[in-house]
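Undergrad: Attaching a single structure in structure tokens format; questions to follow.
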Amino acid sequence: MVEEKKDRGKKEELEEMDSLMEGMDKDNNFKNNHPEINGEDKEISSLEKREDSEKEIEAPGETDNNDFEKELFEDSEEISPEKEKTTEDIIDQELFALEKEIIPFEEEESLETLEEIKPEVAVEEIIKKKEIIIPPKRKKIYLREITTKFKNIYKNKTLMRIIYLFICIVMIIAVSFHIINRYIQAKSYLYKGILAIEKKDFKSAEENLKKSLKYTYAKEKVYHKFAQSYAPVNPQKAISLLETALKKEPKSLILLKNLLIIYGNIDDLGGAKKVYDKIIAINSKNVEAMVSLGWIYFNRGDIEEASLECEKALSIKYNHLGSLFLMQSILMKKKMYKAAVGVHRFIYKITDEKQCNPDILYKLGRYYLKKDRKDLAEEFFKTTVKHAHGYIEAHYYLGTLFYEKGMINRSAAEFQFVINKNPKHANAHNYLGLIYYEKNMMEKALVRFNDCLQLDPLHKQAIYNIANVYFYYIDDLKECINLYSKAFKLGIDTPLLHYNLGVSYYKNRMYKEAMQEWKKLLPEEANNPIVNFNLGTVNLQLDRLDESKEKLSRSLEFFWKNLRKARKKDTSEEEEIYLNMSKIHNNQGIIYEVFDKKREAMSSYSQSIEFASWAKRKNKVAYDNLQRLLHGIPITNIHDNINDDLSKIYTKKQIKEKPDYYKQVITDKVYTYTICFLIALFVFRGYKLLIKKKSIFDLIYEFYKKTAKRI
């Protein structure tokens, strides 16, 4: 674009020069025709020579000077076409205007001196002396353009709105950045101060407190947070912080309430009452202050004052949770457990089963467990676990209840949860060992019992359980004597312990100790055939024949009764009963043989062999005794001819029946579904059978079609 403008300027300049030359030629012709004006021609010819010399000086590439001249001539006044200009005026004004500005002629110089001047140097000097400035007309044009642009922008309302919104957003961001920066700094110093208090670095805590107060706008919250952190470590410092905050905001109920709680924690009833009076003066129906003062009275043991404050709060707001929880605790303290359960039900109702006091529910569960109300206890323990999943003791007691119900897997899960949370819970290890014991996983059971003993070396239940493992499965009866004796000294006094300890003594030929242990089972087990058999056998070993005969005959009588019951029930107990009766007849035969009653002895031995055959066994001792008696060989050693294979289980374990809601009724599903289908068919489609006299197969086919369409 710039080059095109330059070319146009050159063309216009050349056209002007041609027009001037044509005018000069006309003037020369005029002078030739009019010789009277020859005197003036000389001057014109000198000017023409000068013009030619200037043309020779100008180089063809000097376009910049011409452009510069053109810009200078733009501001000059235009020649009006009405006035005719002479040749001298044109030359003076247009051709030599530039030289007049550049060279101030003080004196007239010859044309030769003009030839020596270089226009390039002259133009550079002009540029140095005079800066190129936008002409004033151009300035006006630029100003007009800018103003028009602004006017167009102002007329465009959407653009103005966008600009306005952008400015507003920038201002909001600037302001909010400042506020957010202050908030972040205040919060960071606050958390640093709280961590310093936990680490007991009180100097850095003070510094962070000052910095946090410097940057925050809510100074009340900062004092509140620091006071809460100081409360368990340094309550006096917490009180001083709250008091300083109250000087600035004396009617802040939050600060007053926290101050009341801290006074209650340090058991300063006087200070608590003063703060309570201030709160009541501000708000006479402040229920939370009443509840806080009630808790202070409750913790001090003044139940009556606590109940009065609780009643005040409930009279203002009957469904206030804090006052209801306080009332529940007061009722538990007064041992009014039913009323406490009623309060729990009410809280559960108004909160849609979302709020409760786990501690109180756990205590209620323990109370009803002692009262053998296991259904209520289970409910309270389950509710406790629901709202406080990490309540270990509630899980433990739930496990015991499931274990008693025979829900082994659920109880194992509860005990495993307790051990995971608290590996030092000895009772949970013991119960988990019992579960393994019932599942015949003896190695794992022993591991759990030993873990329990490592945590509590005098855990009597674990010692007793290990003794049972040694008695029934390992058959180490010497170790059983030590373990059972230790468990008995620690407080376990059960019939099973005495029976097993007696068997252990008997197997180790400690007959007197065995008889003492079995006698401890009487008179509760006077009708037990196995206990009577053991007592008869041990008396026989001690040569107490009369007592032995009495106990053995008594045992045989009860075995006959049990045999009749077993035959009615059609159970597998018959074989065991026959085997025990075989042993009794053998031992009775020995007593008859000692009393020299060979016929009775022979019948007893033969009956012993017969009962053993009914039990699908062989009694070798009775067979040898019968052979010896038939051959007339007298008895020499009683101890070798006695059947002393005592039973390790003196009472059969009765399997506890599960409650009705745990029973699974097994039914044939196909049978029930077909019956239901046929009933529905005859009820809903029976009228067609009566009116239209259709067969059952037609009805079934129609029913099938309709169901297929619906599907």
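As shown in the structure tokens, the chain order sets the letters A, B, ...; within each chain, residues go from 1, and ligands are also counted from 1 in the order they appear.
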What's the 12 Å shell around A:Phe595, counting only C-alpha atoms, without same-chain residues fewer than 6 positions away, as a PyMOL selection string?

TA: chain A and resi 545-546+549+588-589+601+634-635

Undergrad: Take the residues from that selection and put them in a file with N, CA, C and O atoms, as a PDB file, in the first residue's frame.

TA:
ATOM      1  N   LEU A 545     -17.175-104.601  99.982  1.00  0.00           N
ATOM      2  CA  LEU A 545     -18.036-105.412  99.142  1.00  0.00           C
ATOM      3  C   LEU A 545     -19.510-105.092  99.327  1.00  0.00           C
ATOM      4  O   LEU A 545     -20.278-105.094  98.356  1.00  0.00           O
ATOM      5  N   ASP A 546     -19.937-104.837 100.562  1.00  0.00           N
ATOM      6  CA  ASP A 546     -21.347-104.543 100.806  1.00  0.00           C
ATOM      7  C   ASP A 546     -21.776-103.239 100.114  1.00  0.00           C
ATOM      8  O   ASP A 546     -22.831-103.184  99.454  1.00  0.00           O
ATOM      9  N   LYS A 549     -21.847-103.839  96.405  1.00  0.00           N
ATOM     10  CA  LYS A 549     -23.018-104.582  95.953  1.00  0.00           C
ATOM     11  C   LYS A 549     -24.247-103.675  95.884  1.00  0.00           C
ATOM     12  O   LYS A 549     -25.044-103.736  94.934  1.00  0.00           O
ATOM     13  N   GLN A 588     -20.651-107.892  89.762  1.00  0.00           N
ATOM     14  CA  GLN A 588     -21.498-108.574  90.745  1.00  0.00           C
ATOM     15  C   GLN A 588     -21.095-110.050  90.884  1.00  0.00           C
ATOM     16  O   GLN A 588     -21.105-110.617  91.994  1.00  0.00           O
ATOM     17  N   GLY A 589     -20.721-110.661  89.769  1.00  0.00           N
ATOM     18  CA  GLY A 589     -20.266-112.059  89.826  1.00  0.00           C
ATOM     19  C   GLY A 589     -19.031-112.202  90.697  1.00  0.00           C
ATOM     20  O   GLY A 589     -18.875-113.197  91.423  1.00  0.00           O
ATOM     21  N   ALA A 601     -22.706-116.400  90.988  1.00  0.00           N
ATOM     22  CA  ALA A 601     -21.580-115.832  90.248  1.00  0.00           C
ATOM     23  C   ALA A 601     -21.599-116.301  88.804  1.00  0.00           C
ATOM     24  O   ALA A 601     -21.382-115.520  87.856  1.00  0.00           O
ATOM     25  N   PRO A 634      -9.996-120.970  91.808  1.00  0.00           N
ATOM     26  CA  PRO A 634     -10.466-119.887  92.689  1.00  0.00           C
ATOM     27  C   PRO A 634      -9.906-118.530  92.254  1.00  0.00           C
ATOM     28  O   PRO A 634      -8.882-118.434  91.581  1.00  0.00           O
ATOM     29  N   ILE A 635     -10.590-117.474  92.676  1.00  0.00           N
ATOM     30  CA  ILE A 635     -10.170-116.102  92.350  1.00  0.00           C
ATOM     31  C   ILE A 635      -9.016-115.716  93.254  1.00  0.00           C
ATOM     32  O   ILE A 635      -9.028-115.947  94.463  1.00  0.00           O
TER      33      ILE A 635
END

Undergrad: If DSSP is run on the backbone, what residues of stretch 307-375 of chain A are alpha helix (DSSP H)? A reply as an mmCIF file with N, CA and C atoms, in the first residue's frame would be ideal.

TA:
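Written file, states_37.cif:
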data_model
loop_
_atom_site.group_PDB
_atom_site.id
_atom_site.type_symbol
_atom_site.label_atom_id
_atom_site.label_comp_id
_atom_site.auth_asym_id
_atom_site.auth_seq_id
_atom_site.Cartn_x
_atom_site.Cartn_y
_atom_site.Cartn_z
ATOM 1 N N SER A 307 -32.466 -33.884 88.830
ATOM 2 C CA SER A 307 -33.811 -34.185 88.333
ATOM 3 C C SER A 307 -34.672 -32.920 88.246
ATOM 4 N N LEU A 308 -34.475 -31.964 89.204
ATOM 5 C CA LEU A 308 -35.216 -30.702 89.147
ATOM 6 C C LEU A 308 -34.871 -29.920 87.884
ATOM 7 N N GLU A 309 -33.578 -29.791 87.591
ATOM 8 C CA GLU A 309 -33.154 -29.076 86.381
ATOM 9 C C GLU A 309 -33.668 -29.784 85.123
ATOM 10 N N CYS A 310 -33.654 -31.108 85.161
ATOM 11 C CA CYS A 310 -34.147 -31.884 84.013
ATOM 12 C C CYS A 310 -35.638 -31.650 83.805
ATOM 13 N N GLU A 311 -36.398 -31.614 84.895
ATOM 14 C CA GLU A 311 -37.835 -31.366 84.794
ATOM 15 C C GLU A 311 -38.130 -29.964 84.257
ATOM 16 N N LYS A 312 -37.322 -28.961 84.679
ATOM 17 C CA LYS A 312 -37.476 -27.601 84.135
ATOM 18 C C LYS A 312 -37.303 -27.602 82.619
ATOM 19 N N ALA A 313 -36.229 -28.270 82.179
ATOM 20 C CA ALA A 313 -35.939 -28.308 80.746
ATOM 21 C C ALA A 313 -37.049 -29.013 79.975
ATOM 22 N N LEU A 314 -37.546 -30.135 80.511
ATOM 23 C CA LEU A 314 -38.598 -30.888 79.826
ATOM 24 C C LEU A 314 -39.928 -30.139 79.820
ATOM 25 N N SER A 315 -40.173 -29.324 80.863
ATOM 26 C CA SER A 315 -41.405 -28.527 80.874
ATOM 27 C C SER A 315 -41.390 -27.454 79.789
ATOM 28 N N ILE A 316 -40.181 -26.968 79.439
ATOM 29 C CA ILE A 316 -40.064 -25.979 78.360
ATOM 30 C C ILE A 316 -40.121 -26.661 76.992
ATOM 31 N N LEU A 321 -33.568 -33.720 73.349
ATOM 32 C CA LEU A 321 -32.811 -34.960 73.483
ATOM 33 C C LEU A 321 -31.850 -34.943 74.672
ATOM 34 N N GLY A 322 -31.174 -33.801 74.869
ATOM 35 C CA GLY A 322 -30.222 -33.719 75.979
ATOM 36 C C GLY A 322 -30.888 -33.949 77.326
ATOM 37 N N SER A 323 -32.048 -33.342 77.527
ATOM 38 C CA SER A 323 -32.761 -33.519 78.792
ATOM 39 C C SER A 323 -33.318 -34.934 78.919
ATOM 40 N N LEU A 324 -33.718 -35.554 77.806
ATOM 41 C CA LEU A 324 -34.201 -36.940 77.852
ATOM 42 C C LEU A 324 -33.076 -37.911 78.204
ATOM 43 N N PHE A 325 -31.898 -37.670 77.651
ATOM 44 C CA PHE A 325 -30.751 -38.516 78.006
ATOM 45 C C PHE A 325 -30.369 -38.346 79.481
ATOM 46 N N LEU A 326 -30.464 -37.114 79.973
ATOM 47 C CA LEU A 326 -30.201 -36.869 81.393
ATOM 48 C C LEU A 326 -31.227 -37.588 82.256
ATOM 49 N N MET A 327 -32.492 -37.525 81.856
ATOM 50 C CA MET A 327 -33.544 -38.224 82.593
ATOM 51 C C MET A 327 -33.303 -39.730 82.589
ATOM 52 N N GLN A 328 -32.849 -40.265 81.467
ATOM 53 C CA GLN A 328 -32.565 -41.692 81.373
ATOM 54 C C GLN A 328 -31.440 -42.094 82.333
ATOM 55 N N SER A 329 -30.406 -41.264 82.409
ATOM 56 C CA SER A 329 -29.295 -41.554 83.326
ATOM 57 C C SER A 329 -29.749 -41.474 84.784
ATOM 58 N N ILE A 330 -30.602 -40.498 85.094
ATOM 59 C CA ILE A 330 -31.121 -40.361 86.468
ATOM 60 C C ILE A 330 -31.944 -41.594 86.839
ATOM 61 N N LEU A 331 -32.765 -42.070 85.907
ATOM 62 C CA LEU A 331 -33.582 -43.262 86.173
ATOM 63 C C LEU A 331 -32.709 -44.502 86.356
ATOM 64 N N MET A 332 -31.635 -44.600 85.600
ATOM 65 C CA MET A 332 -30.714 -45.727 85.779
ATOM 66 C C MET A 332 -30.034 -45.663 87.137
ATOM 67 N N LYS A 333 -29.701 -44.442 87.561
ATOM 68 C CA LYS A 333 -29.076 -44.275 88.878
ATOM 69 C C LYS A 333 -30.052 -44.655 89.987
ATOM 70 N N TYR A 337 -35.379 -49.278 85.998
ATOM 71 C CA TYR A 337 -34.963 -49.750 84.681
ATOM 72 C C TYR A 337 -36.118 -49.741 83.671
ATOM 73 N N LYS A 338 -37.303 -50.054 84.121
ATOM 74 C CA LYS A 338 -38.449 -50.045 83.200
ATOM 75 C C LYS A 338 -38.723 -48.645 82.676
ATOM 76 N N ALA A 339 -38.644 -47.653 83.581
ATOM 77 C CA ALA A 339 -38.840 -46.263 83.141
ATOM 78 C C ALA A 339 -37.742 -45.836 82.175
ATOM 79 N N ALA A 340 -36.507 -46.279 82.425
ATOM 80 C CA ALA A 340 -35.394 -45.963 81.520
ATOM 81 C C ALA A 340 -35.624 -46.570 80.147
ATOM 82 N N VAL A 341 -36.186 -47.796 80.124
ATOM 83 C CA VAL A 341 -36.513 -48.430 78.842
ATOM 84 C C VAL A 341 -37.596 -47.634 78.120
ATOM 85 N N GLY A 342 -38.586 -47.120 78.888
ATOM 86 C CA GLY A 342 -39.637 -46.298 78.287
ATOM 87 C C GLY A 342 -39.089 -45.024 77.672
ATOM 88 N N VAL A 343 -38.138 -44.370 78.355
ATOM 89 C CA VAL A 343 -37.508 -43.164 77.806
ATOM 90 C C VAL A 343 -36.750 -43.505 76.525
ATOM 91 N N HIS A 344 -36.080 -44.651 76.542
ATOM 92 C CA HIS A 344 -35.362 -45.082 75.331
ATOM 93 C C HIS A 344 -36.324 -45.277 74.162
ATOM 94 N N ARG A 345 -37.470 -45.910 74.420
ATOM 95 C CA ARG A 345 -38.446 -46.120 73.358
ATOM 96 C C ARG A 345 -38.959 -44.781 72.816
ATOM 97 N N PHE A 346 -39.172 -43.811 73.703
ATOM 98 C CA PHE A 346 -39.660 -42.499 73.279
ATOM 99 C C PHE A 346 -38.615 -41.776 72.424
ATOM 100 N N ILE A 347 -37.363 -41.827 72.860
ATOM 101 C CA ILE A 347 -36.276 -41.193 72.078
ATOM 102 C C ILE A 347 -36.184 -41.844 70.700
ATOM 103 N N TYR A 348 -36.276 -43.152 70.688
ATOM 104 C CA TYR A 348 -36.172 -43.887 69.422
ATOM 105 C C TYR A 348 -37.320 -43.537 68.484
ATOM 106 N N LYS A 349 -38.484 -43.241 69.058
ATOM 107 C CA LYS A 349 -39.661 -42.926 68.253
ATOM 108 C C LYS A 349 -39.554 -41.539 67.635
ATOM 109 N N ILE A 350 -39.164 -40.538 68.445
ATOM 110 C CA ILE A 350 -39.141 -39.154 67.939
ATOM 111 C C ILE A 350 -37.971 -38.901 67.001
ATOM 112 N N PRO A 358 -25.679 -45.171 73.845
ATOM 113 C CA PRO A 358 -25.154 -46.540 73.839
ATOM 114 C C PRO A 358 -24.746 -47.032 75.226
ATOM 115 N N ASP A 359 -24.200 -46.146 76.052
ATOM 116 C CA ASP A 359 -23.770 -46.568 77.395
ATOM 117 C C ASP A 359 -24.952 -47.055 78.219
ATOM 118 N N ILE A 360 -26.048 -46.314 78.170
ATOM 119 C CA ILE A 360 -27.229 -46.699 78.947
ATOM 120 C C ILE A 360 -27.823 -47.990 78.402
ATOM 121 N N LEU A 361 -27.869 -48.129 77.075
ATOM 122 C CA LEU A 361 -28.409 -49.358 76.495
ATOM 123 C C LEU A 361 -27.546 -50.561 76.849
ATOM 124 N N TYR A 362 -26.233 -50.370 76.879
ATOM 125 C CA TYR A 362 -25.341 -51.472 77.279
ATOM 126 C C TYR A 362 -25.598 -51.879 78.732
ATOM 127 N N LYS A 363 -25.785 -50.893 79.594
ATOM 128 C CA LYS A 363 -26.080 -51.199 81.003
ATOM 129 C C LYS A 363 -27.427 -51.901 81.148
ATOM 130 N N LEU A 364 -28.406 -51.447 80.369
ATOM 131 C CA LEU A 364 -29.706 -52.120 80.395
ATOM 132 C C LEU A 364 -29.588 -53.565 79.903
ATOM 133 N N GLY A 365 -28.783 -53.770 78.883
ATOM 134 C CA GLY A 365 -28.566 -55.131 78.392
ATOM 135 C C GLY A 365 -27.919 -56.025 79.441
ATOM 136 N N ARG A 366 -26.929 -55.494 80.155
ATOM 137 C CA ARG A 366 -26.288 -56.264 81.231
ATOM 138 C C ARG A 366 -27.284 -56.589 82.347
ATOM 139 N N TYR A 367 -28.122 -55.611 82.677
ATOM 140 C CA TYR A 367 -29.094 -55.822 83.757
ATOM 141 C C TYR A 367 -30.074 -56.934 83.384
ATOM 142 N N TYR A 368 -30.633 -56.866 82.169
ATOM 143 C CA TYR A 368 -31.612 -57.873 81.777
ATOM 144 C C TYR A 368 -30.960 -59.225 81.495
ATOM 145 N N LEU A 369 -29.668 -59.233 81.174
ATOM 146 C CA LEU A 369 -28.952 -60.508 81.032
ATOM 147 C C LEU A 369 -28.815 -61.206 82.387
ATOM 148 N N LYS A 370 -28.548 -60.422 83.429
ATOM 149 C CA LYS A 370 -28.487 -60.999 84.782
ATOM 150 C C LYS A 370 -29.856 -61.492 85.237
ATOM 151 N N LYS A 374 -33.072 -62.683 78.270
ATOM 152 C CA LYS A 374 -32.072 -62.659 77.205
ATOM 153 C C LYS A 374 -32.598 -62.023 75.921
ATOM 154 N N ASP A 375 -33.911 -62.070 75.719
ATOM 155 C CA ASP A 375 -34.469 -61.445 74.525
ATOM 156 C C ASP A 375 -34.309 -59.929 74.569
#

Undergrad: Quick one: residues within 9 Å of A:Glu243, only C-alpha atoms counted, chain neighbours fewer than 4 positions away excluded, as a list of chain:residue names?

TA: A:Ala238, A:Ile239, A:Lys247, A:Pro250, A:Leu255, A:Leu256, A:Leu259

Undergrad: Stretch 385-397 of chain A: which residues within 9 Å, counting only C-alpha atoms, same-chain residues fewer than 5 positions away excluded, as a count of residues only?

TA: 21
